[in-house]
Amino acid sequence: MAGSNDGIVLEKYSFGMGDRFGRQAKAQLAACMKAAERGATVVPVWNKSNREHTIVGSDPRDTRAAADAAVGELGWTRPYYLDADHINLKTVDRFLAPCDFFTLDVAEAIGRRPKSGSVEAFLGRHHELVGRVEIAGLPQPLTITKDKAFSAAAKYLAAVHEAGEIYRHIAKRKGTGEFVTEVSMDETDSPQTPSELLLILAAIADEGIPIQTIAPKFTGRFNKGVDYVGDVERFEIEFSADLAVIAYAVARYGLAKNLKLSVHSGSDKFSLYKPIRRALGQFDAGVHLKTAGTTWLEELIGLAEAGGEGLALAKEVYAQAFEHQKELCQPYAAVIDIDAAKLPAPAEVARWTSQQYADALRHDRSNPSFNPNLRQLLHVGYKVAAKMHERYTQMVAACEGPISRNVTGNLFDRHIEPLFLRALEAGPVHPEASSAPVSAAPAPVS
């Protein structure tokens, strides 16, 4: 069955951590250890995409070596994982040996025409997906017309089938139960409705994919390195509805009992952690939060705070990012909003003190010097540092103290503690509450 938990079972709370240059695994793990000291198991998942490896000239085996070394040095005795982030059939093979978590990216297949007759066959197997569907936790039943079901199946079936092909390719080489599978559906034009998510989960079950996390698209903008932009109340309603649909699909289709939502570009989305925490408490659910570039930015802050040559290099990174902003921003156009007029000139930054640089870059909205435009530009500007090769990584090693302090503090204080520890302290609601509406306000359900 798709839901078989024979083999690796991902823990309830997991935290994805990107490490662009492979130097911060120990500082990142220290944040999870601080959570453990507070009684919370938040397992680390080191994630890195093929694109990131290509840009910095690294290999997935390097990420594995860094993670293993950090675990050994700090004495971490709980599980940890290595995520082959956003892979497809063309890129997966180099990740097979070192990784035990695979994020299947099928965004390009969303909307692709499925095989002839597959939509009709799918709906023929799933008569329950047409009509009224009662789901505990939703304010009203799903109402799914035949046309709506057909349209959703036509949009997503090819993507789910591709996910199945990638999963089977991995399983044939690693063995079933030897890795965690996530399906990523977040890079599409609009958020999935509850009925679309239900259909996707039914299709995933049909494909026999034992997913443990799924990444749908949420409403609003998840820009790189800055807070969520959008209607927080609407997000909470959608997030809670997704949790309700997952709980229903697990029981209805035999999916893994620990199946949970994965939030991509989850770093720095501070305004969402409280609503996510409330929803997790209502459904006694887990979550996977994926972060990446936030650690690279803490490297720059640490360099700046080190002063001297470290500060000079941080200023140089900004100057080059400013000069090449068009080419750096183009691949990330859908996930950044930079007002170029509010970017300081490199000549101005060259006169900054360590404190001024750190204040402009650190994500502290209470600080009037914080500049989200500068932060987003530097977030996508790691290619500049990659071109510096050993000159950059050697300086990072020389400034390990302030960098490690900032990396650990950022992940624990701004991410793990407000999301995971407060969720643990709040605890699940009373079991009877799981059938309560997700919001007193009416919400469109389809």
# chains A, B, ... in the order shown; residues from 1 in each chain; ligands from 1
>>> closest_atom_pairs(of="segment 197-225 of chain A", to="segment 354-377 of chain A", cutoff="9 Å", atoms="only C-alpha atoms", output="JSON lines")
{"residue": "A:Asn223", "atom": "CA", "partner": "A:Gln376", "partner_atom": "CA", "distance": 8.1}
{"residue": "A:Lys224", "atom": "CA", "partner": "A:Gln376", "partner_atom": "CA", "distance": 6.2}
{"residue": "A:Gly225", "atom": "CA", "partner": "A:Gln376", "partner_atom": "CA", "distance": 6.0}
>>> write_last_selection(atoms="C-alpha atoms", output="short mmCIF file (atom, residue, chain, number, x, y, z; two decimals), in the first residue's frame")
data_model
loop_
_atom_site.label_atom_id
_atom_site.label_comp_id
_atom_site.auth_asym_id
_atom_site.auth_seq_id
_atom_site.Cartn_x
_atom_site.Cartn_y
_atom_site.Cartn_z
CA ASN A 223 9.38 35.71 -1.13
CA LYS A 224 12.97 34.73 -0.47
CA GLY A 225 14.37 35.74 2.89
#
>>> select_by_dssp(residues="segment 164-235 of chain A", states="strand (DSSP E or B)", output="list in words")
Val180, Thr181, Glu182, Val183, Ser184, Met185, Thr213, Ile214, Ala215, Pro216, Arg221 and Val229 of chain A
>>> write_last_selection(atoms="C-alpha atoms", output="mmCIF file, in the first residue's frame")
data_model
loop_
_atom_site.group_PDB
_atom_site.id
_atom_site.type_symbol
_atom_site.label_atom_id
_atom_site.label_comp_id
_atom_site.auth_asym_id
_atom_site.auth_seq_id
_atom_site.Cartn_x
_atom_site.Cartn_y
_atom_site.Cartn_z
ATOM 1 C CA VAL A 180 11.402 9.596 2.816
ATOM 2 C CA THR A 181 9.341 10.785 -0.141
ATOM 3 C CA GLU A 182 7.915 14.268 -0.565
ATOM 4 C CA VAL A 183 5.860 15.425 -3.545
ATOM 5 C CA SER A 184 6.157 19.104 -4.367
ATOM 6 C CA MET A 185 3.130 20.790 -5.949
ATOM 7 C CA THR A 213 5.172 15.025 3.191
ATOM 8 C CA ILE A 214 3.406 17.041 0.514
ATOM 9 C CA ALA A 215 4.093 20.632 -0.478
ATOM 10 C CA PRO A 216 1.014 22.325 -1.938
ATOM 11 C CA ARG A 221 3.737 35.354 -1.685
ATOM 12 C CA VAL A 229 3.129 38.841 1.909
#
>>> atom_distance(atom1="atom CA of Val349 of chain A", atom2="atom CA of Ile301 of chain A")
13.6 Å
>>> residues_around(residues="Lys146 of chain A", least_positions_apart="2", cutoff="12 Å", atoms="only C-alpha atoms", output="list in words")
Val119, Glu120, Leu123, Gly124, His126, His127, Glu128, Leu129, Val130, Gly131, Arg132, Thr143, Ile144, Lys148, Ala149, Phe150, Ser151, Ala152, Ala153 and Ser195 of chain A
>>> write_last_selection(atoms="C-alpha atoms", output="PDB file, in the first residue's frame")
ATOM      1  CA  VAL A 119      -8.829  11.029 -16.538  1.00  0.00           C
ATOM      2  CA  GLU A 120     -11.946   8.983 -17.282  1.00  0.00           C
ATOM      3  CA  LEU A 123     -12.753   9.224 -12.058  1.00  0.00           C
ATOM      4  CA  GLY A 124     -14.235   5.822 -12.768  1.00  0.00           C
ATOM      5  CA  HIS A 126     -13.067   7.361  -7.620  1.00  0.00           C
ATOM      6  CA  HIS A 127     -16.785   8.051  -7.719  1.00  0.00           C
ATOM      7  CA  GLU A 128     -16.407   9.537  -4.227  1.00  0.00           C
ATOM      8  CA  LEU A 129     -14.631  12.551  -5.724  1.00  0.00           C
ATOM      9  CA  VAL A 130     -17.826  13.791  -7.342  1.00  0.00           C
ATOM     10  CA  GLY A 131     -20.665  15.146  -5.231  1.00  0.00           C
ATOM     11  CA  ARG A 132     -20.645  16.126  -1.545  1.00  0.00           C
ATOM     12  CA  THR A 143     -19.092  20.194  -3.272  1.00  0.00           C
ATOM     13  CA  ILE A 144     -17.371  18.754  -6.322  1.00  0.00           C
ATOM     14  CA  LYS A 148     -14.628  20.378 -11.604  1.00  0.00           C
ATOM     15  CA  ALA A 149     -13.281  16.895 -10.887  1.00  0.00           C
ATOM     16  CA  PHE A 150     -12.494  16.339 -14.571  1.00  0.00           C
ATOM     17  CA  SER A 151     -10.689  19.684 -14.810  1.00  0.00           C
ATOM     18  CA  ALA A 152      -8.598  19.013 -11.698  1.00  0.00           C
ATOM     19  CA  ALA A 153      -7.690  15.512 -12.835  1.00  0.00           C
ATOM     20  CA  SER A 195     -11.019  19.313  -3.492  1.00  0.00           C
TER      21      SER A 195
END
>>> closest_residue(among="A:Ala347, A:Val226, A:Leu419, A:Ala256", to="Val335 of chain A", atoms="only C-alpha atoms")
A:Val226
>>> residues_around(residues="segment 29-44 of chain A", least_positions_apart="2", cutoff="8 Å", atoms="only C-alpha atoms", output="CSV table (one decimal) with C-alpha atoms, in the first residue's frame")
chain,number,residue,atom,x,y,z
A,11,GLU,CA,9.3,12.3,12.8
A,12,LYS,CA,6.3,14.7,13.6
A,13,TYR,CA,8.4,17.9,13.4
A,14,SER,CA,11.2,18.2,10.9
A,15,PHE,CA,13.2,21.2,9.9
A,16,GLY,CA,14.8,21.6,6.5
A,17,MET,CA,18.1,23.5,6.5
A,25,ALA,CA,26.1,22.1,9.5
A,26,LYS,CA,27.4,22.1,13.0
A,27,ALA,CA,25.9,25.6,13.8
A,46,TRP,CA,19.8,19.1,5.3
A,70,ALA,CA,28.4,17.7,12.6
A,71,VAL,CA,26.3,14.8,14.1
A,74,LEU,CA,28.0,17.3,18.6
A,76,TRP,CA,23.4,14.1,18.1
A,78,ARG,CA,18.4,11.3,17.1
A,79,PRO,CA,17.5,10.8,13.4
A,80,TYR,CA,18.6,13.2,10.7
A,81,TYR,CA,18.2,13.3,6.9
A,408,THR,CA,22.3,29.1,15.4
A,409,GLY,CA,20.5,32.1,16.9
A,411,LEU,CA,17.4,29.2,13.3
A,412,PHE,CA,16.5,28.6,16.9
A,416,ILE,CA,12.4,26.7,15.7
A,417,GLU,CA,11.3,28.2,19.0
A,420,PHE,CA,7.9,24.1,17.1
A,421,LEU,CA,8.5,24.7,20.8
A,424,LEU,CA,4.7,21.6,21.7
>>> select_by_dssp(residues="segment 236-337 of chain A", states="alpha helix (DSSP H)", output="ChimeraX atom specification")
/A:236-253,270-283,293-306,308-323,325-329
>>> residues_around(residues="Met395 of chain A", least_positions_apart="6", cutoff="9 Å", atoms="only C-alpha atoms", output="PyMOL selection string")
chain A and resi 303+309-310+313
>>> write_last_selection(atoms="N, CA and C atoms", output="short mmCIF file (atom, residue, chain, number, x, y, z; two decimals), in the first residue's frame")
data_model
loop_
_atom_site.label_atom_id
_atom_site.label_comp_id
_atom_site.auth_asym_id
_atom_site.auth_seq_id
_atom_site.Cartn_x
_atom_site.Cartn_y
_atom_site.Cartn_z
N LEU A 303 30.23 37.63 8.93
CA LEU A 303 31.42 38.24 8.32
C LEU A 303 31.48 39.73 8.67
N GLU A 309 38.74 42.23 7.50
CA GLU A 309 38.64 41.60 6.19
C GLU A 309 37.28 40.93 5.98
N GLY A 310 36.69 40.46 7.06
CA GLY A 310 35.36 39.86 6.94
C GLY A 310 34.34 40.89 6.49
N LEU A 313 34.88 41.84 2.86
CA LEU A 313 34.37 40.85 1.91
C LEU A 313 32.86 40.91 1.81
#
>>> atom_distance(atom1="atom CA of Ala314 of chain A", atom2="atom CA of Arg64 of chain A")
27.4 Å
>>> residues_around(residues="Leu198 of chain A", least_positions_apart="6", cutoff="8 Å", atoms="only C-alpha atoms", output="PDB file with N, CA and C atoms, in the first residue's frame")
ATOM      1  N   VAL A 245      -8.041  17.812   5.032  1.00  0.00           N
ATOM      2  CA  VAL A 245      -8.079  16.951   3.848  1.00  0.00           C
ATOM      3  C   VAL A 245      -7.052  15.829   3.965  1.00  0.00           C
ATOM      4  N   ILE A 246      -5.859  16.149   4.463  1.00  0.00           N
ATOM      5  CA  ILE A 246      -4.835  15.119   4.640  1.00  0.00           C
ATOM      6  C   ILE A 246      -5.311  14.042   5.613  1.00  0.00           C
ATOM      7  N   ALA A 249      -7.777  11.910   3.828  1.00  0.00           N
ATOM      8  CA  ALA A 249      -7.181  11.089   2.780  1.00  0.00           C
ATOM      9  C   ALA A 249      -6.362   9.941   3.360  1.00  0.00           C
TER      10      ALA A 249
END
>>> closest_residue(among="A:Leu89, A:Val407, A:Val133, A:Ala107", to="Thr188 of chain A", atoms="only C-alpha atoms")
A:Ala107
>>> closest_residue(among="A:Leu289, A:Ile170, A:Leu142, A:Ala321", to="Ala97 of chain A", atoms="only C-alpha atoms")
A:Ile170
